Amino acid sequence: MGALLILMAAGFDLSVIALIGIILLIGIVKKNGIMMVDFAITAERRDGETPFNAIRQACLLRFRPILMTTMAALLSGLPLMLGTGAGSELRRPLGFAMVGGLALSQVLTLYTTPVIYLYLERLQRRLAPKRGSRMPSLAEKMGATAD
């Protein structure tokens, strides 16, 4: 969304080069979300944390790596975005897409991923059968013996 907004604000069309930047963004944003959710799931399973504490701990401990990855990609897009000279009209949409998309996605990743994680956890608890009332296996239903 940020890539498209900054491209529109700068007056660039959605070209193949800008689309390459958007594909790059998808990979980085996906990786950031996976880092947080994977850490939270591991904390829940291994350490017995509640979902809220697990995702909070994931946000605190994974903030620096997420920020470092995003800033490295964002700052590498600045020369493309601000560059002038021969061929810059081809590369500038890539820079704008990278910088705008990463700036907005960084904020959205840090704020929306924990919220969505907690909502999905509540939905899973609501839809999952109660732990005490499990379905008996076929062998238990038929009264199988070990003869």
# chains A, B, ... in the order shown; residues from 1 in each chain; ligands from 1
call {"tool": "closest_atom_pairs", "arguments": {"of": "region 54-108 of chain A", "to": "region 27-42 of chain A", "cutoff": "7 Å", "atoms": "only C-alpha atoms", "output": "tab-separated table"}}
result
residue	atom	partner	partner_atom	distance
A:Ala54	CA	A:Ala40	CA	4.7
A:Ile55	CA	A:Ala40	CA	4.9
A:Ala58	CA	A:Met36	CA	5.4
A:Cys59	CA	A:Met36	CA	6.4
A:Arg62	CA	A:Met36	CA	6.4
A:Ile66	CA	A:Asn32	CA	5.8
A:Ser105	CA	A:Val29	CA	6.7
call {"tool": "write_last_selection", "arguments": {"atoms": "C-alpha atoms", "output": "compact mmCIF listing (two decimals), in the first residue's frame"}}
result
# COMPACT_ATOMS: atom_id res chain seq x y z
CA ALA A 54 4.51 -14.58 24.05
CA ILE A 55 3.74 -12.05 21.31
CA ALA A 58 8.48 -11.59 20.47
CA CYS A 59 7.89 -7.92 19.68
CA ARG A 62 12.63 -9.29 17.44
CA ILE A 66 13.25 -6.45 12.01
CA SER A 105 5.08 -1.78 6.17
call {"tool": "closest_atom_pairs", "arguments": {"of": "region 20-49 of chain A", "to": "region 71-83 of chain A", "cutoff": "10 Å", "atoms": "only C-alpha atoms", "output": "JSON lines"}}
result
{"residue": "A:Gly21", "atom": "CA", "partner": "A:Gly77", "partner_atom": "CA", "distance": 9.4}
{"residue": "A:Leu24", "atom": "CA", "partner": "A:Ala73", "partner_atom": "CA", "distance": 9.4}
{"residue": "A:Leu25", "atom": "CA", "partner": "A:Ala73", "partner_atom": "CA", "distance": 9.1}
{"residue": "A:Ile28", "atom": "CA", "partner": "A:Ala73", "partner_atom": "CA", "distance": 8.7}
call {"tool": "residues_around", "arguments": {"residues": "region 14-18 of chain A", "least_positions_apart": "3", "cutoff": "6 Å", "atoms": "only C-alpha atoms", "output": "PyMOL selection string"}}
result
chain A and resi 21+93-94+97
call {"tool": "select_by_dssp", "arguments": {"residues": "chain A", "states": "helix (DSSP H, G or I)", "output": "PyMOL selection string"}}
result
chain A and resi 2-10+16-47+51-82+88-127+138-142
call {"tool": "atom_distance", "arguments": {"atom1": "CA of Met1 (chain A)", "atom2": "CA of Leu108 (chain A)"}}
result
10.4 Å
call {"tool": "residues_around", "arguments": {"residues": "Phe96 (chain A)", "least_positions_apart": "3", "cutoff": "7 Å", "atoms": "only C-alpha atoms", "output": "PyMOL selection string"}}
result
chain A and resi 3+6-7+81+92-93+99-100
